[in-house]
$ cat upload34.cif   # mmCIF, C-alpha atoms and all ligand atoms
data_protein
loop_
_atom_site.label_atom_id
_atom_site.label_comp_id
_atom_site.auth_asym_id
_atom_site.auth_seq_id
_atom_site.Cartn_x
_atom_site.Cartn_y
_atom_site.Cartn_z
CA MET A 1 -16.38 -25.29 3.26
CA ASP A 2 -16.50 -21.50 3.30
CA ASN A 3 -18.10 -18.99 0.94
CA ALA A 4 -15.14 -18.94 -1.49
CA ASP A 5 -15.14 -22.72 -1.97
CA TRP A 6 -18.82 -22.76 -2.85
CA LEU A 7 -18.38 -19.84 -5.26
CA ASN A 8 -15.61 -21.64 -7.14
CA ARG A 9 -17.59 -24.84 -7.35
CA THR A 10 -20.83 -23.14 -8.43
CA ARG A 11 -18.99 -21.25 -11.21
CA ALA A 12 -17.53 -24.50 -12.48
CA SER A 13 -20.67 -26.62 -12.47
CA VAL A 14 -23.94 -24.70 -12.01
CA TRP A 15 -25.43 -22.76 -14.91
CA HIS A 16 -27.40 -20.08 -13.05
CA PRO A 17 -30.82 -18.88 -14.25
CA CYS A 18 -31.40 -15.42 -15.71
CA THR A 19 -27.63 -14.83 -15.50
CA GLN A 20 -24.82 -14.01 -17.91
CA MET A 21 -22.33 -16.37 -16.26
CA LYS A 22 -19.38 -14.12 -17.15
CA HIS A 23 -20.88 -11.39 -14.95
CA LEU A 24 -20.43 -13.67 -11.94
CA GLU A 25 -16.75 -12.66 -12.03
CA GLN A 26 -17.83 -9.20 -10.82
CA THR A 27 -21.06 -10.08 -9.00
CA PRO A 28 -20.76 -13.51 -7.40
CA PRO A 29 -23.96 -15.20 -6.18
CA LEU A 30 -24.64 -15.20 -2.45
CA PRO A 31 -23.64 -18.61 -1.04
CA VAL A 32 -26.57 -19.33 1.27
CA ALA A 33 -26.03 -21.88 4.01
CA ARG A 34 -29.41 -21.56 5.67
CA GLY A 35 -32.41 -19.34 6.25
CA GLU A 36 -34.24 -18.13 9.34
CA GLY A 37 -37.47 -16.15 9.01
CA PRO A 38 -36.78 -13.27 6.59
CA TRP A 39 -33.01 -13.80 6.88
CA LEU A 40 -30.51 -15.54 4.60
CA ILE A 41 -27.29 -16.69 6.30
CA ASP A 42 -24.07 -17.39 4.39
CA HIS A 43 -21.29 -19.89 5.14
CA ASP A 44 -19.37 -17.32 7.16
CA GLY A 45 -22.41 -16.71 9.35
CA ARG A 46 -23.27 -13.29 7.88
CA ARG A 47 -26.97 -12.43 7.73
CA TYR A 48 -28.84 -10.73 4.90
CA LEU A 49 -32.45 -9.55 4.98
CA ASP A 50 -34.38 -11.14 2.11
CA ALA A 51 -36.24 -8.02 0.88
CA ILE A 52 -37.59 -9.74 -2.23
CA SER A 53 -38.84 -13.01 -0.74
CA SER A 54 -36.38 -15.18 -2.72
CA TRP A 55 -37.76 -14.14 -6.12
CA TRP A 56 -41.26 -13.37 -4.83
CA VAL A 57 -42.02 -16.85 -3.51
CA ASN A 58 -41.46 -16.76 0.24
CA LEU A 59 -44.41 -15.65 2.38
CA PHE A 60 -43.82 -16.77 5.96
CA GLY A 61 -40.05 -16.87 6.23
CA HIS A 62 -37.41 -19.52 5.74
CA ALA A 63 -37.46 -22.63 7.95
CA ASN A 64 -41.00 -21.82 9.08
CA PRO A 65 -41.82 -24.36 11.83
CA ARG A 66 -45.43 -24.92 10.73
CA ILE A 67 -44.64 -25.49 7.06
CA ASN A 68 -41.65 -27.65 8.02
CA ALA A 69 -43.86 -29.78 10.25
CA ALA A 70 -46.47 -30.31 7.53
CA ILE A 71 -43.82 -31.44 5.03
CA VAL A 72 -42.12 -33.74 7.55
CA ASP A 73 -45.46 -35.33 8.40
CA GLN A 74 -46.19 -35.89 4.71
CA LEU A 75 -42.68 -37.32 4.14
CA GLY A 76 -43.51 -40.14 6.52
CA ARG A 77 -46.63 -40.97 4.48
CA ILE A 78 -45.69 -40.55 0.82
CA ALA A 79 -43.46 -38.04 -0.96
CA HIS A 80 -44.83 -38.49 -4.45
CA VAL A 81 -47.26 -40.55 -6.47
CA MET A 82 -48.51 -40.00 -10.01
CA LEU A 83 -51.80 -38.09 -10.29
CA ALA A 84 -52.99 -39.86 -13.44
CA GLY A 85 -54.64 -43.03 -12.16
CA CYS A 86 -54.07 -42.11 -8.48
CA THR A 87 -55.26 -39.45 -6.09
CA HIS A 88 -54.33 -38.43 -2.54
CA ALA A 89 -55.68 -36.42 0.37
CA PRO A 90 -53.37 -33.37 0.06
CA VAL A 91 -54.31 -32.68 -3.57
CA VAL A 92 -58.04 -33.17 -2.91
CA GLU A 93 -58.03 -30.95 0.16
CA LEU A 94 -55.99 -28.25 -1.57
CA SER A 95 -58.30 -28.25 -4.61
CA GLU A 96 -61.39 -27.95 -2.38
CA ARG A 97 -59.91 -25.07 -0.43
CA LEU A 98 -58.68 -23.19 -3.51
CA ALA A 99 -62.13 -23.61 -5.05
CA ARG A 100 -63.77 -22.08 -1.96
CA LEU A 101 -61.30 -19.20 -1.94
CA SER A 102 -61.38 -18.39 -5.65
CA GLY A 103 -64.91 -19.42 -6.68
CA LEU A 104 -63.35 -21.55 -9.45
CA SER A 105 -64.21 -25.16 -8.91
CA HIS A 106 -61.64 -27.23 -10.84
CA ALA A 107 -57.88 -27.26 -10.23
CA PHE A 108 -55.24 -28.50 -12.68
CA TYR A 109 -51.66 -28.71 -11.36
CA ALA A 110 -48.08 -28.34 -12.61
CA SER A 111 -44.77 -27.49 -11.02
CA ASP A 112 -43.92 -23.95 -12.02
CA GLY A 113 -45.43 -20.74 -13.20
CA ALA A 114 -44.55 -20.99 -16.88
CA SER A 115 -46.24 -24.41 -17.02
CA ALA A 116 -49.40 -22.88 -15.52
CA THR A 117 -49.39 -20.30 -18.31
CA GLU A 118 -48.98 -23.06 -20.90
CA ILE A 119 -51.89 -24.96 -19.38
CA ALA A 120 -54.21 -21.93 -19.35
CA LEU A 121 -53.39 -21.10 -22.99
CA LYS A 122 -53.89 -24.70 -24.14
CA MET A 123 -57.10 -25.13 -22.13
CA SER A 124 -58.58 -21.94 -23.51
CA PHE A 125 -57.82 -22.91 -27.10
CA HIS A 126 -59.06 -26.46 -26.52
CA PHE A 127 -62.29 -25.23 -24.92
CA TRP A 128 -63.17 -23.22 -28.04
CA ARG A 129 -62.24 -26.14 -30.26
CA ASN A 130 -64.48 -28.50 -28.27
CA ARG A 131 -67.25 -25.91 -28.58
CA GLY A 132 -66.93 -25.89 -32.38
CA ARG A 133 -64.94 -22.67 -32.68
CA PRO A 134 -61.47 -23.89 -33.76
CA HIS A 135 -60.51 -20.54 -35.27
CA LYS A 136 -60.17 -18.97 -31.86
CA THR A 137 -56.43 -19.58 -31.62
CA GLY A 138 -54.98 -16.14 -30.82
CA PHE A 139 -53.88 -14.56 -27.56
CA VAL A 140 -53.61 -10.95 -26.50
CA SER A 141 -51.49 -9.66 -23.63
CA LEU A 142 -50.22 -6.36 -22.25
CA GLN A 143 -47.06 -4.56 -23.27
CA ASN A 144 -44.23 -5.32 -20.83
CA GLY A 145 -46.22 -8.29 -19.50
CA TYR A 146 -44.43 -11.37 -18.17
CA HIS A 147 -45.92 -14.86 -18.11
CA GLY A 148 -42.88 -17.16 -18.00
CA GLU A 149 -40.18 -18.29 -20.38
CA THR A 150 -41.09 -21.62 -21.92
CA LEU A 151 -41.88 -21.14 -25.60
CA GLY A 152 -45.68 -20.80 -25.25
CA ALA A 153 -45.45 -18.54 -22.21
CA LEU A 154 -42.69 -16.49 -23.85
CA SER A 155 -44.98 -15.97 -26.84
CA VAL A 156 -47.35 -13.91 -24.65
CA THR A 157 -44.52 -12.32 -22.63
CA ASP A 158 -43.34 -8.88 -23.76
CA VAL A 159 -39.89 -8.36 -22.26
CA ALA A 160 -37.39 -7.78 -25.06
CA LEU A 161 -34.36 -9.03 -23.14
CA PHE A 162 -35.97 -12.44 -22.60
CA LYS A 163 -37.87 -12.66 -25.87
CA ASP A 164 -36.03 -11.15 -28.84
CA THR A 165 -33.34 -13.83 -29.19
CA TYR A 166 -35.95 -16.57 -29.40
CA ALA A 167 -38.38 -14.71 -31.68
CA PRO A 168 -37.98 -17.21 -34.55
CA LEU A 169 -39.20 -19.98 -32.25
CA LEU A 170 -42.28 -18.18 -30.96
CA ARG A 171 -45.91 -18.02 -31.95
CA GLN A 172 -47.31 -14.61 -32.86
CA SER A 173 -49.44 -12.94 -30.22
CA HIS A 174 -50.81 -9.43 -29.93
CA GLN A 175 -49.87 -6.80 -27.33
CA VAL A 176 -51.88 -3.74 -26.34
CA ILE A 177 -50.70 -0.79 -24.26
CA SER A 178 -50.22 -1.37 -20.56
CA PRO A 179 -52.35 0.42 -17.95
CA ASP A 180 -49.06 1.05 -16.03
CA TRP A 181 -49.77 4.38 -14.35
CA ARG A 182 -46.21 5.60 -15.02
CA LEU A 183 -47.20 5.94 -18.68
CA ALA A 184 -49.96 8.44 -17.89
CA ASP A 185 -49.75 12.06 -18.97
CA GLU A 186 -48.72 14.54 -16.33
CA GLY A 187 -51.63 15.17 -13.97
CA GLU A 188 -53.65 12.24 -15.35
CA SER A 189 -55.04 9.98 -12.62
CA ALA A 190 -54.40 6.22 -12.56
CA GLU A 191 -58.09 5.67 -13.19
CA THR A 192 -58.33 8.04 -16.17
CA TYR A 193 -55.24 6.47 -17.67
CA ALA A 194 -56.67 2.96 -17.15
CA TRP A 195 -59.77 4.00 -19.12
CA ARG A 196 -57.54 5.32 -21.89
CA ALA A 197 -55.50 2.10 -21.96
CA ILE A 198 -58.54 -0.19 -22.06
CA ALA A 199 -59.79 1.58 -25.18
CA GLN A 200 -57.00 -0.08 -27.17
CA MET A 201 -58.00 -3.50 -25.82
CA GLU A 202 -61.61 -2.72 -26.70
CA ASP A 203 -60.67 -1.88 -30.29
CA PHE A 204 -58.61 -5.04 -30.61
CA LEU A 205 -61.35 -7.31 -29.26
CA ALA A 206 -64.04 -5.62 -31.38
CA GLU A 207 -62.01 -6.48 -34.45
CA CYS A 208 -60.31 -9.80 -33.60
CA ALA A 209 -62.55 -11.65 -31.10
CA ASP A 210 -63.43 -14.29 -33.71
CA THR A 211 -59.81 -15.44 -33.87
CA THR A 212 -58.89 -14.74 -30.25
CA ALA A 213 -59.10 -17.40 -27.55
CA ALA A 214 -58.02 -15.40 -24.51
CA VAL A 215 -56.60 -12.26 -22.97
CA ILE A 216 -53.83 -12.90 -20.43
CA VAL A 217 -52.87 -10.25 -17.86
CA GLU A 218 -51.03 -9.86 -14.57
CA PRO A 219 -53.74 -8.32 -12.34
CA LEU A 220 -52.86 -4.96 -10.67
CA VAL A 221 -49.06 -5.31 -10.77
CA GLN A 222 -46.87 -6.24 -13.74
CA GLY A 223 -43.96 -7.67 -11.75
CA ALA A 224 -41.15 -8.24 -14.23
CA ALA A 225 -41.97 -4.95 -15.98
CA GLY A 226 -40.58 -3.30 -12.83
CA MET A 227 -43.56 -3.51 -10.49
CA ALA A 228 -45.78 -1.50 -12.85
CA MET A 229 -49.01 -0.83 -10.94
CA TYR A 230 -52.41 0.04 -12.32
CA HIS A 231 -55.97 0.89 -11.37
CA PRO A 232 -58.41 -2.02 -10.79
CA ILE A 233 -61.00 -0.41 -13.08
CA TYR A 234 -58.91 -1.78 -15.96
CA LEU A 235 -59.72 -5.33 -14.83
CA THR A 236 -63.38 -4.59 -14.14
CA ARG A 237 -63.79 -3.21 -17.64
CA LEU A 238 -61.68 -6.00 -19.17
CA ARG A 239 -64.03 -8.58 -17.64
CA GLU A 240 -67.01 -6.85 -19.29
CA LEU A 241 -65.24 -6.74 -22.64
CA CYS A 242 -64.23 -10.40 -22.47
CA ASP A 243 -67.83 -11.37 -21.72
CA LYS A 244 -69.19 -9.19 -24.49
CA HIS A 245 -66.77 -10.52 -27.11
CA GLU A 246 -66.65 -14.14 -25.88
CA VAL A 247 -62.95 -14.19 -25.16
CA HIS A 248 -61.49 -15.84 -22.05
CA LEU A 249 -59.81 -13.83 -19.34
CA ILE A 250 -56.69 -15.51 -17.93
CA ALA A 251 -55.50 -13.91 -14.69
CA ASP A 252 -51.82 -14.67 -14.18
CA GLU A 253 -51.65 -14.27 -10.40
CA ILE A 254 -48.44 -16.28 -10.20
CA ALA A 255 -46.66 -13.31 -8.59
CA VAL A 256 -49.57 -11.32 -7.15
CA GLY A 257 -51.68 -14.14 -5.66
CA PHE A 258 -51.68 -15.11 -1.99
CA GLY A 259 -51.98 -11.69 -0.44
CA ARG A 260 -49.27 -9.78 -2.30
CA THR A 261 -51.61 -7.00 -3.39
CA GLY A 262 -53.47 -6.82 -0.08
CA THR A 263 -56.32 -9.21 -0.94
CA LEU A 264 -55.85 -12.96 -1.23
CA PHE A 265 -56.20 -12.66 -5.00
CA ALA A 266 -55.65 -9.39 -6.86
CA CYS A 267 -58.80 -9.83 -9.00
CA GLU A 268 -60.92 -9.37 -5.86
CA GLN A 269 -60.04 -5.66 -5.87
CA ALA A 270 -61.71 -5.31 -9.26
CA GLY A 271 -64.72 -7.37 -8.14
CA ILE A 272 -64.14 -9.87 -10.93
CA ARG A 273 -63.56 -13.58 -11.41
CA PRO A 274 -61.32 -14.70 -14.28
CA ASP A 275 -62.05 -17.74 -16.48
CA PHE A 276 -58.62 -19.13 -15.65
CA LEU A 277 -56.60 -18.25 -12.56
CA CYS A 278 -52.88 -19.15 -12.67
CA LEU A 279 -51.17 -19.54 -9.29
CA SER A 280 -47.65 -20.51 -8.24
CA LYS A 281 -44.77 -18.77 -6.39
CA GLY A 282 -46.31 -18.04 -2.96
CA ILE A 283 -48.64 -21.05 -3.13
CA THR A 284 -46.22 -23.23 -1.10
CA GLY A 285 -44.83 -20.31 0.90
CA GLY A 286 -41.73 -20.52 -1.27
CA TYR A 287 -40.93 -24.09 -0.22
CA LEU A 288 -41.58 -26.40 -3.15
CA PRO A 289 -42.38 -26.01 -6.84
CA LEU A 290 -46.13 -26.12 -7.41
CA SER A 291 -48.48 -24.31 -9.75
CA CYS A 292 -52.16 -24.50 -10.38
CA VAL A 293 -54.73 -23.37 -12.96
CA LEU A 294 -58.23 -22.95 -11.59
CA THR A 295 -61.27 -22.76 -13.84
CA ARG A 296 -65.08 -22.76 -13.88
CA ASP A 297 -67.60 -25.60 -14.09
CA ASP A 298 -68.76 -24.83 -17.61
CA ILE A 299 -65.23 -24.74 -19.02
CA TYR A 300 -64.51 -28.06 -17.31
CA ALA A 301 -67.79 -29.40 -18.71
CA ALA A 302 -66.67 -28.72 -22.30
CA PHE A 303 -63.94 -31.35 -21.85
CA TYR A 304 -66.13 -33.92 -20.09
CA ALA A 305 -67.02 -36.56 -22.70
CA ASP A 306 -66.60 -40.18 -23.75
CA SER A 307 -63.84 -39.30 -26.20
CA SER A 308 -60.30 -39.10 -24.79
CA ALA A 309 -59.31 -36.50 -27.36
CA ARG A 310 -61.89 -34.06 -25.98
CA GLY A 311 -60.23 -34.34 -22.59
CA PHE A 312 -57.29 -32.23 -21.45
CA LEU A 313 -54.41 -34.68 -21.87
CA HIS A 314 -51.64 -32.38 -20.65
CA SER A 315 -49.39 -33.72 -17.86
CA HIS A 316 -46.19 -33.28 -15.88
CA SER A 317 -44.51 -36.04 -13.88
CA TYR A 318 -44.76 -34.13 -10.60
CA THR A 319 -48.31 -32.84 -11.14
CA GLY A 320 -50.01 -32.40 -7.75
CA ASN A 321 -46.97 -33.49 -5.75
CA PRO A 322 -48.16 -34.42 -2.22
CA LEU A 323 -45.30 -32.69 -0.37
CA ALA A 324 -45.92 -29.47 -2.27
CA CYS A 325 -49.68 -29.71 -1.67
CA ARG A 326 -49.08 -30.18 2.08
CA ALA A 327 -46.88 -27.08 2.11
CA ALA A 328 -49.68 -25.20 0.32
CA LEU A 329 -52.25 -26.41 2.86
CA ALA A 330 -50.00 -25.26 5.69
CA VAL A 331 -49.74 -21.85 4.00
CA LEU A 332 -53.55 -21.56 3.84
CA ASP A 333 -53.76 -22.59 7.51
CA ILE A 334 -51.35 -19.79 8.44
CA PHE A 335 -53.37 -17.24 6.43
CA GLU A 336 -56.45 -18.19 8.47
CA ALA A 337 -54.97 -18.75 11.92
CA ASP A 338 -52.83 -15.60 11.91
CA HIS A 339 -55.31 -13.28 10.12
CA VAL A 340 -52.47 -12.52 7.77
CA LEU A 341 -54.32 -10.19 5.40
CA VAL A 342 -55.46 -8.00 8.29
CA ARG A 343 -52.04 -7.95 9.93
CA ASN A 344 -50.36 -7.18 6.62
CA ARG A 345 -52.49 -4.04 6.32
CA SER A 346 -50.99 -2.53 9.45
CA LYS A 347 -47.49 -3.73 8.54
CA ALA A 348 -47.89 -2.14 5.11
CA ALA A 349 -49.06 1.15 6.61
CA ARG A 350 -46.07 1.20 8.95
CA PHE A 351 -43.55 0.37 6.22
CA SER A 352 -45.02 3.08 3.98
CA GLU A 353 -44.45 5.58 6.82
CA LEU A 354 -40.83 4.49 7.13
CA LEU A 355 -40.37 4.87 3.39
CA ALA A 356 -41.72 8.44 3.32
CA PRO A 357 -38.21 10.01 3.17
CA ILE A 358 -37.45 7.81 0.16
CA ALA A 359 -40.70 8.77 -1.57
CA ALA A 360 -39.75 12.44 -1.12
CA HIS A 361 -36.11 12.01 -2.19
CA PRO A 362 -35.07 14.14 -5.20
CA CYS A 363 -33.57 11.09 -7.02
CA VAL A 364 -36.84 9.17 -6.75
CA SER A 365 -39.78 9.16 -9.12
CA HIS A 366 -43.04 7.18 -9.26
CA PHE A 367 -42.93 5.91 -5.69
CA ARG A 368 -45.75 3.38 -5.55
CA ASN A 369 -47.29 0.72 -3.30
CA THR A 370 -49.90 -2.01 -3.70
CA GLY A 371 -50.43 -4.26 -0.68
CA MET A 372 -47.07 -5.82 0.23
CA ILE A 373 -45.18 -4.48 -2.82
CA TRP A 374 -43.35 -1.14 -2.84
CA ALA A 375 -41.37 0.28 -5.75
CA PHE A 376 -39.79 3.46 -7.02
CA ASP A 377 -37.70 4.50 -10.01
CA VAL A 378 -34.29 6.10 -9.67
CA LYS A 379 -33.88 9.17 -11.89
CA HIS A 380 -30.82 9.39 -14.13
CA ALA A 381 -29.50 6.01 -12.95
CA ALA A 382 -26.06 5.36 -14.47
CA PRO A 383 -25.51 2.15 -16.49
CA GLY A 384 -24.96 -0.85 -14.22
CA PHE A 385 -27.11 0.73 -11.48
CA SER A 386 -28.97 -2.45 -10.65
CA ALA A 387 -25.90 -4.66 -10.08
CA ARG A 388 -24.10 -1.90 -8.16
CA PHE A 389 -27.06 -1.18 -5.89
CA HIS A 390 -27.44 -4.90 -5.23
CA GLN A 391 -23.78 -5.27 -4.22
CA GLN A 392 -23.76 -2.15 -2.04
CA ALA A 393 -26.95 -3.20 -0.26
CA LEU A 394 -25.52 -6.67 0.30
CA ALA A 395 -22.50 -5.14 2.05
CA GLN A 396 -24.98 -3.55 4.48
CA GLY A 397 -26.91 -6.77 5.12
CA LEU A 398 -29.76 -6.26 2.66
CA PHE A 399 -30.54 -8.68 -0.17
CA ILE A 400 -32.37 -6.68 -2.85
CA ARG A 401 -32.21 -6.79 -6.66
CA PRO A 402 -33.47 -3.77 -8.60
CA ILE A 403 -35.03 -4.34 -12.04
CA GLY A 404 -33.25 -1.81 -14.26
CA ASN A 405 -33.65 1.51 -12.45
CA THR A 406 -36.62 0.28 -10.39
CA VAL A 407 -35.91 -0.53 -6.75
CA TYR A 408 -38.62 -2.61 -5.14
CA PHE A 409 -39.42 -4.29 -1.84
CA MET A 410 -41.46 -7.48 -1.79
CA PRO A 411 -40.64 -8.81 1.70
CA PRO A 412 -41.88 -11.97 3.39
CA TYR A 413 -44.99 -11.24 5.47
CA VAL A 414 -43.11 -12.09 8.70
CA ILE A 415 -41.04 -8.89 8.69
CA GLU A 416 -41.25 -6.77 11.83
CA GLU A 417 -40.42 -3.17 12.70
CA ALA A 418 -36.63 -3.66 12.96
CA GLU A 419 -36.44 -5.29 9.55
CA MET A 420 -38.61 -2.62 7.95
CA ARG A 421 -36.25 -0.01 9.39
CA LEU A 422 -33.23 -1.82 7.99
CA MET A 423 -34.73 -1.89 4.49
CA ALA A 424 -35.66 1.79 4.66
CA ASP A 425 -32.36 2.95 6.22
CA VAL A 426 -30.02 1.03 3.92
CA THR A 427 -31.97 2.13 0.85
CA LEU A 428 -32.02 5.79 1.90
CA ASN A 429 -28.26 5.64 2.61
CA LEU A 430 -27.57 4.26 -0.82
CA LEU A 431 -29.72 6.92 -2.47
CA GLN A 432 -27.63 9.62 -0.71
CA THR A 433 -24.46 8.24 -2.28
CA LEU A 434 -25.79 8.05 -5.85
C1 LIG B 1 -42.62 -15.72 -12.16
C2 LIG B 1 -43.77 -15.53 -13.05
C3 LIG B 1 -44.13 -16.49 -14.00
C4 LIG B 1 -43.32 -17.72 -14.27
O1 LIG B 1 -43.20 -18.56 -13.16
P1 LIG B 1 -41.96 -19.58 -13.09
O2 LIG B 1 -42.25 -20.43 -11.93
O3 LIG B 1 -40.74 -18.73 -12.92
O4 LIG B 1 -41.94 -20.32 -14.37
C5 LIG B 1 -45.26 -16.26 -14.75
N1 LIG B 1 -46.01 -15.16 -14.57
C6 LIG B 1 -45.70 -14.22 -13.67
C7 LIG B 1 -46.59 -13.04 -13.50
C8 LIG B 1 -44.56 -14.37 -12.89
O5 LIG B 1 -44.21 -13.39 -12.03
#

$ encode --input "upload34.cif" --output "structure tokens"
Amino acid sequence: MDNADWLNRTRASVWHPCTQMKHLEQTPPLPVARGEGPWLIDHDGRRYLDAISSWWVNLFGHANPRINAAIVDQLGRIAHVMLAGCTHAPVVELSERLARLSGLSHAFYASDGASATEIALKMSFHFWRNRGRPHKTGFVSLQNGYHGETLGALSVTDVALFKDTYAPLLRQSHQVISPDWRLADEGESAETYAWRAIAQMEDFLAECADTTAAVIVEPLVQGAAGMAMYHPIYLTRLRELCDKHEVHLIADEIAVGFGRTGTLFACEQAGIRPDFLCLSKGITGGYLPLSCVLTRDDIYAAFYADSSARGFLHSHSYTGNPLACRAALAVLDIFEADHVLVRNRSKAARFSELLAPIAAHPCVSHFRNTGMIWAFDVKHAAPGFSARFHQQALAQGLFIRPIGNTVYFMPPYVIEEAEMRLMADVTLNLLQTL
């Protein structure tokens, strides 16, 4: 079977996510046969550098020997068992380690990011109800925020392309302006703009806290908005406001958790701890679907009672899947053994150097970087820019998918000098031909 066979068969039978299937006539999907470190390899043996970590999930490369070994070991023990009425070592060990790392002592699991959002929203509402405050049913989120696409998660998401069609199915939620530094006035610092943005949140909470259960935000980087980055003071101040007004703070670190922003969790850079921390994507190194919502003792305690109805009765069949938990444990082992956060700092500094000509390019605006995420906007991009740039980069061995006119790099942490050069060189070349 070569590339063309797989393309014909996928068009006939697979309904691809986030895709207008008719567009596949012009932009066929990449038929991936296997992966090796940061590389994707097609059925004709051609190699493509995975500059976006397979949709932001892959941390330590494809076919990583240590994660592979952990999963194979677990396969010989048990692949899956239900977590209601049973427990197992991988889920216990993972929960203990995540508690130590986050300071949040109770872990509830699901299989993907959107489900983690659903869980955090339901838990927050249910907490207030158990505490005798059933009118706290509302949620507030940031403009251009993204929290997943199931109906509850889509209700707090603010991306028109994903949301507008389904508006009649969604619950109302409130959006306040984003601290995205690109929205600042000319000459205004990220910090000053963050203070200006938080004022709108402050006004909203002052007025609506009685009917609001929680604020949900993507800490430091709004990924789907086009890697919109903002100053950590926004989060520090948001934590104070949530405490003052008795509203939960849900940190959706599904994309930014596990070292993406330079610290293990993005909230650390603001010196805060959320009430609910949503994790997924990188949690298994991009191997298996797993998500987790971590929360505090006293929130957990509000559900702890003789009555079943006071408990959190949410479930998914694959909750706490042992294979996925073993992959996650292997990921945490790698973080420790390889001093990943420290090593990423020097890799990030080097990659930023290599990107300097791009940052200075006349077609580029708002070049930005947080940890292991780099992004810039292309000025006056013609319609269809994103698909065209993707195809042209692919022809030069780079797998990258701009969001609108935003080009971003979110590479696996295992990239080395040669791969950083490839990303920088191919991108600069393409900018010259715009
Ligand atoms: C990807 C993402 C989600 C949704 O996760 P899925 O696994 O795709 O459902 C939620 N929030 C953020 C910030 C994300 O980037």

$ residues_near_ligand --input "upload34.cif" --ligand "ligand LIG 1 (chain B)" --cutoff "9 Å" --atoms "all atoms listed in the file" --output "ChimeraX atom specification"
/A:55-57,111-117,145-150,153,157,217-219,221-224,252-256,278-281,289-291

$ residues_around --input "upload34.cif" --residues "segment 37-53 of chain A" --least-positions-apart "3" --cutoff "7 Å" --atoms "all atoms listed in the file" --output "list in words"
Asp2, Asn3, Pro31, Val32, Ala33, Arg34, Trp56, Val57, Asn58, Leu59, Gly61, His62, Ala63, Asn64, Leu394, Gly397, Leu398, Phe399, Ile400, Phe409, Met410, Pro411, Pro412, Val414 and Ile415 of chain A

$ atom_distance --input "upload34.cif" --atom1 "atom CA of Asp425 of chain A" --atom2 "atom CA of His390 of chain A"
14.7 Å

$ atom_distance --input "upload34.cif" --atom1 "atom CA of Ala301 of chain A" --atom2 "atom CA of Gln269 of chain A"
28.1 Å

$ residues_around --input "upload34.cif" --residues "segment 350-356 of chain A" --least-positions-apart "5" --cutoff "12 Å" --atoms "all atoms listed in the file" --output "PyMOL selection string"
chain A and resi 343-345+361+364+367-376+408-411+413+415-428

$ atom_distance --input "upload34.cif" --atom1 "atom CA of Glu246 of chain A" --atom2 "atom CA of Gln143 of chain A"
22.0 Å

$ residues_around --input "upload34.cif" --residues "Thr319 of chain A" --least-positions-apart "4" --cutoff "12 Å" --atoms "only C-alpha atoms" --output "PyMOL selection string"
chain A and resi 80-84+86-88+91+107-112+115-116+119+289-293+314-315+323-325

$ closest_residue --input "upload34.cif" --among "A:Val407, A:Ile233, A:Ala387, A:Leu169" --to "Ser189 of chain A" --atoms "all atoms listed in the file"
A:Ile233

$ closest_residue --input "upload34.cif" --among "A:Gln172, A:Asn321, A:Ser365, A:Ser105" --to "Asn405 of chain A" --atoms "only C-alpha atoms"
A:Ser365

$ closest_residue --input "upload34.cif" --among "A:Gly262, A:Ala167, A:Met229, A:Val14" --to "Ala184 of chain A" --atoms "only C-alpha atoms"
A:Met229

$ decode --input "upload34.cif" --residues "segment 331-337 of chain A" --atoms "N, CA, C and O atoms" --output "PDB file, in the first residue's frame"
ATOM      1  N   VAL A 331       6.061   9.507  31.445  1.00  0.00           N
ATOM      2  CA  VAL A 331       6.306  10.916  31.084  1.00  0.00           C
ATOM      3  C   VAL A 331       6.867  11.672  32.293  1.00  0.00           C
ATOM      4  O   VAL A 331       7.850  12.414  32.180  1.00  0.00           O
ATOM      5  N   LEU A 332       6.264  11.475  33.462  1.00  0.00           N
ATOM      6  CA  LEU A 332       6.763  12.166  34.669  1.00  0.00           C
ATOM      7  C   LEU A 332       8.174  11.698  35.017  1.00  0.00           C
ATOM      8  O   LEU A 332       9.014  12.499  35.449  1.00  0.00           O
ATOM      9  N   ASP A 333       8.442  10.408  34.812  1.00  0.00           N
ATOM     10  CA  ASP A 333       9.804   9.889  35.046  1.00  0.00           C
ATOM     11  C   ASP A 333      10.810  10.603  34.142  1.00  0.00           C
ATOM     12  O   ASP A 333      11.902  10.963  34.582  1.00  0.00           O
ATOM     13  N   ILE A 334      10.443  10.783  32.878  1.00  0.00           N
ATOM     14  CA  ILE A 334      11.357  11.439  31.931  1.00  0.00           C
ATOM     15  C   ILE A 334      11.599  12.895  32.353  1.00  0.00           C
ATOM     16  O   ILE A 334      12.732  13.379  32.329  1.00  0.00           O
ATOM     17  N   PHE A 335      10.529  13.590  32.755  1.00  0.00           N
ATOM     18  CA  PHE A 335      10.695  14.975  33.228  1.00  0.00           C
ATOM     19  C   PHE A 335      11.762  15.033  34.314  1.00  0.00           C
ATOM     20  O   PHE A 335      12.626  15.908  34.308  1.00  0.00           O
ATOM     21  N   GLU A 336      11.688  14.079  35.263  1.00  0.00           N
ATOM     22  CA  GLU A 336      12.635  14.101  36.389  1.00  0.00           C
ATOM     23  C   GLU A 336      14.031  13.676  35.966  1.00  0.00           C
ATOM     24  O   GLU A 336      15.016  14.372  36.200  1.00  0.00           O
ATOM     25  N   ALA A 337      14.110  12.501  35.325  1.00  0.00           N
ATOM     26  CA  ALA A 337      15.420  11.918  35.026  1.00  0.00           C
ATOM     27  C   ALA A 337      16.224  12.804  34.076  1.00  0.00           C
ATOM     28  O   ALA A 337      17.440  12.918  34.209  1.00  0.00           O
TER      29      ALA A 337
END
